[in-house]
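Source file: structure_0.txt; contents: compact mmCIF, C-alpha atoms.
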# COMPACT_ATOMS: atom_id res chain seq x y z
CA MET I 1404 -66.18 25.27 -29.86
CA ALA I 1405 -67.46 28.77 -29.29
CA ALA I 1406 -70.99 29.29 -28.09
CA ARG I 1407 -73.62 28.70 -30.73
CA SER I 1408 -76.66 30.80 -31.30
CA LYS I 1409 -79.94 29.32 -30.16
CA THR I 1410 -81.07 29.01 -33.75
CA LYS I 1411 -77.96 27.09 -34.72
CA GLU I 1412 -78.41 24.76 -31.80
CA LYS I 1413 -82.01 24.19 -32.79
CA ILE I 1414 -81.05 23.55 -36.41
CA LEU I 1415 -78.53 20.96 -35.28
CA ARG I 1416 -80.98 19.18 -32.99
CA THR I 1417 -83.76 19.17 -35.56
CA THR I 1418 -81.48 17.92 -38.31
CA LEU I 1419 -80.07 15.14 -36.16
CA ALA I 1420 -83.53 13.90 -35.29
CA LEU I 1421 -84.69 14.06 -38.90
CA LEU I 1422 -81.65 12.26 -40.29
CA ASN I 1423 -81.80 9.57 -37.61
CA ASN I 1424 -85.50 8.91 -37.96
CA GLU I 1425 -86.14 9.44 -41.66
CA GLY I 1426 -82.82 8.34 -43.10
CA GLU I 1427 -80.05 10.59 -44.31
CA VAL I 1428 -80.81 10.25 -48.04
CA ASN I 1429 -84.45 11.20 -47.59
CA ILE I 1430 -83.85 14.57 -46.01
CA SER I 1431 -82.85 17.74 -47.85
CA SER I 1432 -82.02 21.15 -46.44
CA VAL I 1433 -85.42 22.32 -47.68
CA ASP I 1434 -87.04 19.65 -45.51
CA ILE I 1435 -85.04 20.83 -42.53
CA ALA I 1436 -86.14 24.42 -43.08
CA ALA I 1437 -89.76 23.28 -43.49
CA VAL I 1438 -89.75 21.34 -40.24
CA MET I 1439 -88.16 24.30 -38.47
CA GLU I 1440 -90.71 26.62 -40.04
CA ILE I 1441 -88.05 28.96 -41.33
CA SER I 1442 -87.25 29.85 -44.93
CA PRO I 1443 -84.53 27.90 -46.80
CA GLY I 1444 -82.74 31.22 -47.16
CA ASN I 1445 -82.72 31.72 -43.44
CA LEU I 1446 -81.35 28.22 -42.95
CA TYR I 1447 -78.67 28.93 -45.54
CA TYR I 1448 -77.68 32.04 -43.62
CA HIS I 1449 -76.78 29.84 -40.63
CA TYR I 1450 -75.44 26.82 -42.47
CA LYS I 1451 -74.43 26.64 -46.11
CA GLY I 1452 -76.11 23.35 -46.86
CA LYS I 1453 -76.91 20.01 -45.30
CA ASP I 1454 -73.36 18.67 -45.42
CA VAL I 1455 -72.10 21.61 -43.38
CA ILE I 1456 -74.66 20.75 -40.73
CA ILE I 1457 -73.60 17.11 -40.86
CA ALA I 1458 -69.95 18.10 -40.42
CA GLU I 1459 -70.84 20.09 -37.33
CA LEU I 1460 -72.97 17.26 -35.97
CA PHE I 1461 -70.00 15.01 -36.48
CA ALA I 1462 -67.81 17.35 -34.46
CA ASP I 1463 -70.30 17.09 -31.60
CA PHE I 1464 -70.39 13.33 -31.90
CA GLU I 1465 -66.63 13.16 -31.94
CA SER I 1466 -66.23 15.19 -28.78
CA GLU I 1467 -68.89 13.16 -26.96
CA LEU I 1468 -67.42 9.84 -27.95
CA ARG I 1469 -63.92 11.00 -27.11
CA GLN I 1470 -64.99 11.75 -23.59
CA VAL I 1471 -66.41 8.29 -23.23
CA LEU I 1472 -63.48 6.53 -24.86
CA SER I 1473 -60.86 8.32 -22.84
CA ALA I 1474 -62.68 7.67 -19.58
CA PRO I 1475 -61.39 4.21 -18.70
CA VAL I 1476 -57.82 5.34 -19.10
CA ASN I 1477 -58.33 8.17 -16.71
CA LYS I 1478 -60.35 6.30 -14.15
CA PRO I 1479 -59.72 2.86 -12.81
CA MET I 1480 -63.11 1.36 -13.53
CA ALA I 1481 -64.66 -1.43 -11.55
CA LEU I 1482 -64.82 -4.58 -13.59
CA GLU I 1483 -68.53 -4.85 -13.20
CA ASP I 1484 -69.03 -1.61 -15.07
CA ASN I 1485 -67.86 -2.99 -18.36
CA TRP I 1486 -71.25 -3.99 -19.68
CA VAL I 1487 -72.59 -0.55 -18.83
CA TYR I 1488 -69.56 1.08 -20.39
CA LEU I 1489 -69.97 -0.75 -23.70
CA TYR I 1490 -73.66 0.07 -23.57
CA ILE I 1491 -72.86 3.77 -23.36
CA ILE I 1492 -70.51 3.60 -26.34
CA PHE I 1493 -73.32 2.02 -28.31
CA GLU I 1494 -75.69 4.68 -27.08
CA GLU I 1495 -73.43 7.36 -28.51
CA ILE I 1496 -73.35 5.54 -31.82
CA ASN I 1497 -77.10 5.12 -31.75
CA ASP I 1498 -77.59 8.85 -31.15
CA PHE I 1499 -75.64 9.44 -34.35
CA ARG I 1500 -76.96 6.43 -36.21
CA PHE I 1501 -77.76 8.07 -39.54
CA PHE I 1502 -74.03 8.35 -40.03
CA PHE I 1503 -73.31 4.69 -39.32
CA LEU I 1504 -76.26 3.52 -41.39
CA ASN I 1505 -74.94 5.33 -44.44
CA LEU I 1506 -71.24 5.34 -43.75
CA THR I 1507 -69.76 4.69 -47.17
CA SER I 1508 -71.74 7.22 -49.13
CA LEU I 1509 -71.43 9.93 -46.49
CA LEU I 1510 -67.66 9.60 -46.33
CA GLU I 1511 -67.49 9.78 -50.10
CA ARG I 1512 -69.63 12.88 -50.17
CA ILE I 1513 -67.91 14.66 -47.28
CA PRO I 1514 -64.31 13.50 -47.60
CA GLU I 1515 -62.98 15.78 -44.85
CA LEU I 1516 -64.81 13.58 -42.35
CA ARG I 1517 -62.83 10.53 -43.40
CA PRO I 1518 -59.59 11.24 -41.48
CA LYS I 1519 -61.58 12.40 -38.47
CA PHE I 1520 -63.64 9.26 -38.46
CA ALA I 1521 -60.54 7.11 -38.90
CA ARG I 1522 -58.99 8.85 -35.92
CA LEU I 1523 -62.06 8.14 -33.84
CA LEU I 1524 -61.99 4.47 -34.78
CA SER I 1525 -58.38 4.15 -33.76
CA LEU I 1526 -59.23 5.78 -30.44
CA MET I 1527 -61.95 3.21 -30.02
CA GLN I 1528 -59.57 0.40 -30.83
CA GLN I 1529 -57.10 1.71 -28.26
CA ALA I 1530 -59.81 1.99 -25.64
CA PHE I 1531 -60.84 -1.63 -26.21
CA GLU I 1532 -57.26 -2.78 -26.09
CA ARG I 1533 -56.78 -1.01 -22.77
CA LEU I 1534 -59.92 -2.63 -21.46
CA LEU I 1535 -58.63 -6.06 -22.48
CA SER I 1536 -55.21 -5.32 -21.01
CA GLY I 1537 -56.85 -4.39 -17.74
CA LEU I 1538 -58.66 -7.69 -17.64
CA GLU I 1539 -55.49 -9.50 -18.60
CA ASN I 1540 -53.42 -7.80 -15.92
CA SER I 1541 -55.93 -8.76 -13.28
CA ASP I 1542 -55.68 -12.38 -14.41
CA HIS I 1543 -59.13 -12.63 -15.87
CA LEU I 1544 -58.20 -13.13 -19.47
CA SER I 1545 -55.24 -14.61 -21.22
CA PHE I 1546 -53.99 -13.77 -24.68
CA HIS I 1547 -51.33 -15.05 -27.02
CA THR I 1548 -49.11 -12.61 -28.85
CA ASP I 1549 -51.07 -10.10 -30.92
CA GLU I 1550 -54.45 -11.57 -29.98
CA LYS I 1551 -55.34 -8.54 -27.93
CA SER I 1552 -54.89 -6.06 -30.73
CA ILE I 1553 -56.62 -8.35 -33.19
CA LEU I 1554 -59.57 -8.74 -30.85
CA SER I 1555 -59.82 -5.03 -30.12
CA GLU I 1556 -59.75 -4.35 -33.85
CA ARG I 1557 -62.55 -6.84 -34.34
CA LEU I 1558 -64.55 -5.21 -31.54
CA THR I 1559 -64.12 -1.84 -33.21
CA ALA I 1560 -65.46 -3.26 -36.44
CA HIS I 1561 -68.33 -4.78 -34.49
CA PHE I 1562 -69.26 -1.43 -32.96
CA THR I 1563 -68.94 0.35 -36.28
CA TYR I 1564 -71.23 -2.00 -38.18
CA TRP I 1565 -73.57 -3.36 -35.52
CA LEU I 1566 -76.50 -1.04 -36.25
CA PRO I 1567 -76.64 -1.57 -40.03
CA TYR I 1568 -76.11 -5.27 -39.42
CA ALA I 1569 -78.94 -5.42 -36.90
CA ASN I 1570 -81.08 -3.65 -39.49
CA LEU I 1571 -80.21 -6.13 -42.19
CA ARG I 1572 -80.85 -9.04 -39.89
CA GLY I 1573 -84.21 -7.57 -38.98
CA LEU I 1574 -83.48 -7.72 -35.25
CA LYS I 1575 -86.66 -6.96 -33.39
CA GLY I 1576 -87.09 -4.70 -30.40
CA GLY I 1577 -86.41 -1.11 -29.52
CA PRO I 1578 -83.02 0.59 -29.56
CA LYS I 1579 -82.30 -0.62 -26.02
CA THR I 1580 -82.75 -4.24 -26.97
CA ILE I 1581 -80.59 -3.84 -30.04
CA ILE I 1582 -77.86 -2.18 -27.99
CA HIS I 1583 -77.97 -4.89 -25.32
CA GLU I 1584 -77.74 -7.50 -28.06
CA GLY I 1585 -74.76 -5.63 -29.44
CA VAL I 1586 -73.03 -5.52 -26.06
CA TYR I 1587 -73.73 -9.22 -25.66
CA ALA I 1588 -72.31 -10.02 -29.06
CA ALA I 1589 -69.22 -7.95 -28.22
CA LEU I 1590 -68.63 -9.68 -24.89
CA THR I 1591 -69.11 -13.15 -26.31
CA GLN I 1592 -66.09 -12.44 -28.47
CA ILE I 1593 -63.86 -12.49 -25.42
CA THR I 1594 -65.35 -15.73 -24.12
CA PRO I 1595 -62.56 -17.99 -25.44
CA HIS I 1596 -59.99 -15.96 -23.54
CA TRP I 1597 -61.48 -16.87 -20.20
CA GLY I 1598 -59.75 -20.23 -20.52
CA ALA I 1599 -61.17 -22.81 -18.16
CA GLN I 1600 -63.94 -20.39 -17.17
CA SER I 1601 -65.25 -19.94 -20.69
CA GLU I 1602 -68.27 -22.14 -20.40
CA PRO I 1603 -69.77 -20.79 -17.17
CA TYR I 1604 -68.92 -17.30 -18.35
CA ALA I 1605 -70.86 -17.78 -21.56
CA ALA I 1606 -73.82 -19.15 -19.61
CA LEU I 1607 -73.91 -16.24 -17.18
CA LEU I 1608 -73.54 -13.77 -20.00
CA LYS I 1609 -76.57 -15.28 -21.71
CA ASP I 1610 -78.55 -15.21 -18.48
CA PHE I 1611 -77.73 -11.60 -18.07
CA LEU I 1612 -78.74 -10.68 -21.59
CA ASP I 1613 -82.07 -12.45 -21.13
CA GLU I 1614 -82.65 -10.44 -18.00
CA GLN I 1615 -81.98 -7.18 -19.83
CA ILE I 1616 -84.15 -7.77 -22.84
CA GLY I 1617 -86.74 -9.83 -20.99
CA MET W 959 -52.65 -23.00 -12.47
CA THR W 960 -53.45 -23.85 -8.86
CA ASP W 961 -56.91 -24.42 -7.53
CA LYS W 962 -56.68 -21.29 -5.51
CA LYS W 963 -55.90 -19.19 -8.48
CA ASN W 964 -58.77 -20.78 -10.34
CA LYS W 965 -61.02 -19.82 -7.53
CA ASN W 966 -59.88 -16.24 -7.64
CA THR W 967 -60.51 -16.08 -11.33
CA GLU W 968 -63.94 -17.55 -10.82
CA THR W 969 -64.71 -15.04 -8.12
CA ALA W 970 -63.54 -12.13 -10.16
CA ARG W 971 -65.42 -13.39 -13.15
CA LYS W 972 -68.68 -13.39 -11.25
CA ILE W 973 -68.12 -9.90 -9.95
CA TRP W 974 -67.30 -8.73 -13.40
CA LEU W 975 -70.31 -10.24 -15.00
CA ALA W 976 -72.64 -9.08 -12.45
CA GLY W 977 -72.60 -5.56 -11.30
CA ILE W 978 -75.47 -5.25 -13.46
CA GLY W 979 -78.30 -5.97 -11.16
CA ALA W 980 -78.94 -8.97 -9.03
CA TYR W 981 -75.80 -10.96 -9.58
CA GLY W 982 -73.66 -8.41 -7.82
CA ARG W 983 -75.76 -8.36 -4.74
CA ALA W 984 -76.10 -12.11 -4.76
CA PHE W 985 -72.37 -12.37 -4.91
CA ASN W 986 -71.81 -10.19 -1.88
CA GLU W 987 -74.10 -12.45 0.06
CA VAL W 988 -72.27 -15.50 -1.16
CA GLN W 989 -69.02 -14.03 0.01
CA GLU W 990 -70.39 -13.20 3.42
CA GLY W 991 -71.81 -16.66 3.76
CA LEU W 992 -68.59 -18.21 2.63
CA SER W 993 -66.38 -16.28 4.99
CA LYS W 994 -68.66 -17.22 7.87
CA ALA W 995 -68.51 -20.83 6.89
CA THR W 996 -64.76 -20.66 6.52
CA LYS W 997 -64.19 -19.23 10.00
CA GLY W 998 -65.74 -22.16 11.77
CA THR W 999 -64.21 -24.88 9.75
CA SER W 1000 -61.04 -23.43 8.35
CA LYS W 1001 -58.99 -26.57 8.79
CA VAL W 1002 -61.46 -28.79 7.10
CA PHE W 1003 -61.86 -26.16 4.49
CA ASP W 1004 -58.20 -26.04 3.67
CA GLU W 1005 -58.32 -29.70 2.89
CA LEU W 1006 -61.32 -29.17 0.76
CA VAL W 1007 -59.58 -26.42 -1.14
CA GLU W 1008 -56.88 -28.86 -2.02
CA LYS W 1009 -59.41 -31.18 -3.47
CA GLY W 1010 -60.97 -28.26 -5.21
CA GLU W 1011 -64.18 -29.66 -6.48
CA VAL W 1012 -65.97 -29.86 -3.18
CA LEU W 1013 -65.61 -26.17 -2.61
CA GLU W 1014 -66.85 -25.56 -6.07
CA THR W 1015 -70.07 -27.34 -5.19
CA ILE W 1016 -70.51 -25.26 -2.07
CA VAL W 1017 -69.95 -22.04 -3.94
CA THR W 1018 -72.44 -22.99 -6.55
CA HIS W 1019 -74.99 -24.04 -3.98
CA LYS W 1020 -74.57 -20.98 -1.79
CA GLY W 1021 -74.62 -18.84 -4.87
CA LYS W 1022 -77.94 -20.18 -5.97
CA GLU W 1023 -79.42 -19.81 -2.50
CA ALA W 1024 -78.31 -16.22 -2.22
CA PHE W 1025 -79.38 -15.44 -5.73
CA ASP W 1026 -82.87 -16.76 -5.18
CA LYS W 1027 -83.17 -14.78 -1.99
CA VAL W 1028 -82.02 -11.58 -3.60
CA SER W 1029 -84.20 -12.07 -6.65
CA GLU W 1030 -87.17 -12.44 -4.37
CA SER W 1031 -86.40 -9.32 -2.41
CA ILE W 1032 -85.87 -7.06 -5.38
CA GLY W 1033 -88.31 -8.87 -7.58
CA ASP W 1034 -89.74 -6.68 -10.30
CA LYS W 1035 -87.05 -4.06 -10.18
CA VAL W 1036 -84.57 -6.30 -11.90
CA GLY W 1037 -87.16 -7.66 -14.24
CA ASP W 1038 -88.07 -4.37 -15.83
CA GLY W 1039 -84.49 -3.23 -16.07
CA PHE W 1040 -84.88 -0.42 -13.57
CA ASP W 1041 -81.48 -1.04 -12.02
CA MET W 1042 -79.83 -1.15 -15.39
CA ASP W 1043 -81.17 2.20 -16.54
CA ASP W 1044 -80.13 3.71 -13.27
CA ARG W 1045 -76.63 2.35 -13.63
CA ILE W 1046 -76.33 3.52 -17.19
CA ALA W 1047 -77.48 7.00 -16.26
CA LYS W 1048 -75.01 7.18 -13.41
CA MET W 1049 -72.07 6.10 -15.46
CA ARG W 1050 -73.07 8.34 -18.31
CA SER W 1051 -72.95 11.39 -16.10
CA ARG W 1052 -69.66 10.22 -14.64
CA LEU W 1053 -68.14 9.83 -18.09
CA LYS W 1054 -69.42 13.05 -19.49
CA ARG W 1055 -69.04 15.56 -16.74
CA GLY W 1056 -68.24 19.06 -17.96
CA ASN W 1057 -69.98 18.44 -21.23
CA HIS W 1058 -70.14 20.78 -24.22
CA ASP W 1059 -67.21 22.91 -23.25
CA ASP W 1060 -64.52 21.11 -25.13
CA SER W 1061 -62.35 24.07 -26.06
CA ASP W 1062 -59.47 22.97 -23.89
CA VAL W 1063 -60.60 19.44 -23.27
CA GLU W 1064 -57.56 17.93 -24.92
CA ASP W 1065 -55.16 19.82 -22.68
CA ARG W 1066 -57.11 19.13 -19.56
CA LEU W 1067 -57.33 15.45 -20.41
CA ASP W 1068 -53.59 15.26 -20.88
CA ALA W 1069 -52.97 16.87 -17.53
CA ILE W 1070 -55.49 14.67 -15.77
CA GLU W 1071 -54.19 11.59 -17.46
CA ALA W 1072 -50.64 12.32 -16.40
CA LYS W 1073 -51.71 12.88 -12.83
CA LEU W 1074 -53.78 9.73 -12.73
CA ASP W 1075 -50.93 7.73 -14.16
CA GLU W 1076 -48.83 8.89 -11.24
CA VAL W 1077 -51.49 7.99 -8.73
CA LEU W 1078 -52.07 4.61 -10.34
CA LYS W 1079 -48.37 3.90 -10.24
CA LEU W 1080 -48.36 4.63 -6.54
CA LEU W 1081 -51.37 2.42 -5.99
CA THR W 1082 -49.97 -0.56 -7.86
CA PRO W 1083 -46.26 -0.58 -7.15
CA LYS W 1084 -45.86 -4.26 -8.01
CA LYS W 1085 -46.65 -3.80 -11.69
CA ALA W 1086 -44.67 -0.64 -12.29
CA ALA W 1087 -40.96 -0.98 -12.62
CA PRO W 1088 -39.56 1.79 -10.40
CA ARG W 1089 -37.49 3.28 -13.17
CA LYS W 1090 -40.45 3.58 -15.45
CA ALA W 1091 -42.54 5.24 -12.77
CA ALA W 1092 -39.87 7.82 -12.21
CA ALA W 1093 -39.68 8.56 -15.89
CA ARG W 1094 -43.43 9.06 -16.04
CA LYS W 1095 -43.37 11.39 -13.11
CA LYS W 1096 -40.75 13.51 -14.74
CA ALA W 1097 -42.71 13.67 -17.95
CA ALA W 1098 -45.87 14.55 -16.08
CA SER W 1099 -44.35 17.38 -14.10
CA LYS W 1100 -42.57 18.76 -17.12
CA LYS W 1101 -45.62 18.96 -19.29
CA PRO W 1102 -47.59 21.79 -17.71
CA THR W 1103 -44.61 24.08 -17.46
CA ALA W 1104 -43.67 23.38 -21.04
CA LYS W 1105 -47.13 24.42 -22.17
CA LYS W 1106 -46.97 27.76 -20.47
As structure tokens, what does this structure read like?
Amino acid sequence: MAARSKTKEKILRTTLALLNNEGEVNISSVDIAAVMEISPGNLYYHYKGKDVIIAELFADFESELRQVLSAPVNKPMALEDNWVYLYIIFEEINDFRFFFLNLTSLLERIPELRPKFARLLSLMQQAFERLLSGLENSDHLSFHTDEKSILSERLTAHFTYWLPYANLRGLKGGPKTIIHEGVYAALTQITPHWGAQSEPYAALLKDFLDEQIG
Amino acid sequence: MTDKKNKNTETARKIWLAGIGAYGRAFNEVQEGLSKATKGTSKVFDELVEKGEVLETIVTHKGKEAFDKVSESIGDKVGDGFDMDDRIAKMRSRLKRGNHDDSDVEDRLDAIEAKLDEVLKLLTPKKAAPRKAAARKKAASKKPTAKK
């Protein structure tokens, strides 16, 4: 991506904050211009409408998440970093939450994002599968045929829908708490694959969550 | 599965879980304590390993001791999640180095990935079938020249 003008960068940052905090459906390009204290015409000069801004925000999100998702392949990560790693993936999603909170209608309205988003999800699925394979190869987890890909698919779905789900469930606490809960819920899904160690694993996992969210 | 293997899994599991704060440190202490204990009484210990469960008790006990000690010494830090934030920040910067200049990121990633694959193959020769490793190497060294 070529360098952006300062104004463009500011438009993107302002829009992202507005959409995340006020909800995507509640914000129009006129609102964005008003918050930026520029005229709607000026805004239009930089970006031809809200959806163009959203598409560019998505491109940013995609490149950020790609970096994170491709990291464990490139670097042999210490096992202990897995909680932190999942946390960071959730953080990325949370930074772009307006999109995940309104997924269906946004993808209908901006159809060119659909294949890009699908591509990102399959990257995520692959990253999870690699993570599971790593744990399997080091004799931590055991899987029957196909279980690994099924589980990584399920984890991808979990990451995609965790924020709206947490909303619907009325989970209390700040974004950190909700993310930690999400990481916990993700890791509990691999509990059965610890075999004989499942029970103590589940207990320690719970202990750890309690420590994080106090 | 043998008892020994079980033990390894258990050990690894604790490391894996932990990292995040006190558990990791507690675990290091447990290991130190254990290896000290093992030195003095290795014969007896071997017998115990065969019976399995006794060792389990010791591990659990030592673990709790060490954990309590560590919790005391770092006290509030763990409680308010200070360590966690620190860890997250560190990993974040590790994952996202060279941010915002993604023009050739794809190419660079490919090159890095290929190189790392080679290195990993060298580091873990038992897993990689030699033929496969050679094939990878070829592919990796071909790639950059092909791009030019």
Using all atoms listed in the file, can you tell me which of W:Asp1044, W:Val1077, W:Asp1065, W:Arg1050 comes closest to chain I?
W:Arg1050
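If you measure from each of W:Asp1041, W:Leu1081, W:Glu1076, W:Leu1053 to chain I using only C-alpha atoms, the closest one turns out to be W:Leu1053.
CA of Ala1589 in chain I lies 19.5 Å from CA of Phe1499 in chain I.
Among I:Thr1580, I:Asn1497, I:Gln1615, I:Ser1545, the residue with the shortest atom-to-atom distance to chain W, counting only C-alpha atoms, is I:Gln1615.
Going from CA of Ala1560 in chain I over to CA of Tyr1587 in chain I, you cover 14.8 Å.
When all atoms listed in the file are used to compute distances to chain W, the closest of the residues I:Tyr1450, I:Trp1597, I:Tyr1564, I:Phe1501 turns out to be I:Trp1597.
Interatomic distance, CA of Ile1046 in chain W to CA of Val1586 in chain I: 13.1 Å.
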Selection near Glu1602 in chain I, 12 Å with only C-alpha atoms, sequence-local residues under 5 positions removed, as a PyMOL selection string
(chain I and resi 1591+1593-1597+1607-1609) or (chain W and resi 968+971)
Distance query Phe1464 in chain I at most 9 Å, only C-alpha atoms, self and fewer than 6 positions along chain excluded, as a ChimeraX atom specification
/I:1495-1496,1498-1499
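Take the candidates I:Gly1617, I:Pro1518, I:Gly1444, I:Gly1537 and check each one against chain W using all atoms listed in the file; the shortest distance goes to I:Gly1617.
Each of W:Leu1074, W:Ser1051, W:Glu1064, W:Asp1043 was checked against chain I using all atoms listed in the file; the smallest atom-to-atom distance is that of W:Leu1074.
Excluding Glu1465 in chain I itself and same-chain residues fewer than 3 positions from it, the residues having an atom within 9 Å of it are I:Leu1460, I:Phe1461, I:Ala1462, I:Leu1468, I:Arg1469, I:Gln1470, I:Lys1519, I:Phe1520, I:Leu1523, counting all atoms listed in the file.
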So that I can see what lies close to Leu1421 in chain I, please list as a ChimeraX atom specification the residues with an atom at most 9 Å from it, counting all atoms listed in the file and leaving out residues fewer than 6 positions away in the same chain.
/I:1427,1430,1434-1435,1438
I need range 1418-1441 of chain I written out with N, CA and C atoms, as a short mmCIF file (atom, residue, chain, number, x, y, z; two decimals), in the first residue's frame; please produce it.
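Writing done, so here's selection.cif:
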data_model
loop_
_atom_site.label_atom_id
_atom_site.label_comp_id
_atom_site.auth_asym_id
_atom_site.auth_seq_id
_atom_site.Cartn_x
_atom_site.Cartn_y
_atom_site.Cartn_z
N THR I 1418 -12.96 6.99 11.53
CA THR I 1418 -14.07 6.14 11.13
C THR I 1418 -14.06 4.83 11.91
N LEU I 1419 -12.88 4.24 12.04
CA LEU I 1419 -12.79 2.97 12.76
C LEU I 1419 -13.30 3.13 14.19
N ALA I 1420 -12.87 4.20 14.84
CA ALA I 1420 -13.31 4.41 16.22
C ALA I 1420 -14.82 4.60 16.28
N LEU I 1421 -15.35 5.39 15.36
CA LEU I 1421 -16.79 5.66 15.36
C LEU I 1421 -17.59 4.38 15.13
N LEU I 1422 -17.18 3.61 14.12
CA LEU I 1422 -17.93 2.39 13.80
C LEU I 1422 -17.86 1.40 14.96
N ASN I 1423 -16.68 1.26 15.56
CA ASN I 1423 -16.52 0.32 16.67
C ASN I 1423 -17.35 0.72 17.88
N ASN I 1424 -17.37 2.02 18.16
CA ASN I 1424 -18.00 2.45 19.41
C ASN I 1424 -19.49 2.75 19.27
N GLU I 1425 -19.89 3.22 18.10
CA GLU I 1425 -21.30 3.61 17.94
C GLU I 1425 -22.11 2.57 17.18
N GLY I 1426 -21.44 1.64 16.56
CA GLY I 1426 -22.15 0.66 15.74
C GLY I 1426 -22.16 1.08 14.29
N GLU I 1427 -21.92 0.13 13.41
CA GLU I 1427 -21.74 0.45 12.01
C GLU I 1427 -22.99 1.10 11.40
N VAL I 1428 -24.18 0.57 11.74
CA VAL I 1428 -25.40 1.08 11.12
C VAL I 1428 -25.75 2.50 11.55
N ASN I 1429 -25.19 2.93 12.67
CA ASN I 1429 -25.57 4.24 13.20
C ASN I 1429 -24.73 5.39 12.67
N ILE I 1430 -23.73 5.06 11.88
CA ILE I 1430 -22.79 6.09 11.45
C ILE I 1430 -22.86 6.28 9.93
N SER I 1431 -23.06 7.53 9.52
CA SER I 1431 -23.06 7.83 8.08
C SER I 1431 -21.80 8.62 7.75
N SER I 1432 -21.56 8.81 6.44
CA SER I 1432 -20.36 9.56 6.08
C SER I 1432 -20.48 11.02 6.53
N VAL I 1433 -21.71 11.50 6.63
CA VAL I 1433 -21.91 12.87 7.14
C VAL I 1433 -21.45 12.96 8.60
N ASP I 1434 -21.78 11.92 9.36
CA ASP I 1434 -21.32 11.88 10.76
C ASP I 1434 -19.81 11.92 10.83
N ILE I 1435 -19.19 11.14 9.97
CA ILE I 1435 -17.72 11.07 9.98
C ILE I 1435 -17.13 12.45 9.71
N ALA I 1436 -17.68 13.11 8.68
CA ALA I 1436 -17.20 14.45 8.33
C ALA I 1436 -17.41 15.41 9.51
N ALA I 1437 -18.58 15.28 10.17
CA ALA I 1437 -18.88 16.18 11.28
C ALA I 1437 -17.88 16.00 12.42
N VAL I 1438 -17.60 14.74 12.75
CA VAL I 1438 -16.65 14.48 13.84
C VAL I 1438 -15.26 14.99 13.47
N MET I 1439 -14.93 14.89 12.19
CA MET I 1439 -13.60 15.34 11.74
C MET I 1439 -13.53 16.84 11.56
N GLU I 1440 -14.71 17.47 11.63
CA GLU I 1440 -14.82 18.91 11.39
C GLU I 1440 -14.31 19.29 10.01
N ILE I 1441 -14.71 18.49 9.04
CA ILE I 1441 -14.48 18.86 7.64
C ILE I 1441 -15.82 18.77 6.93
#
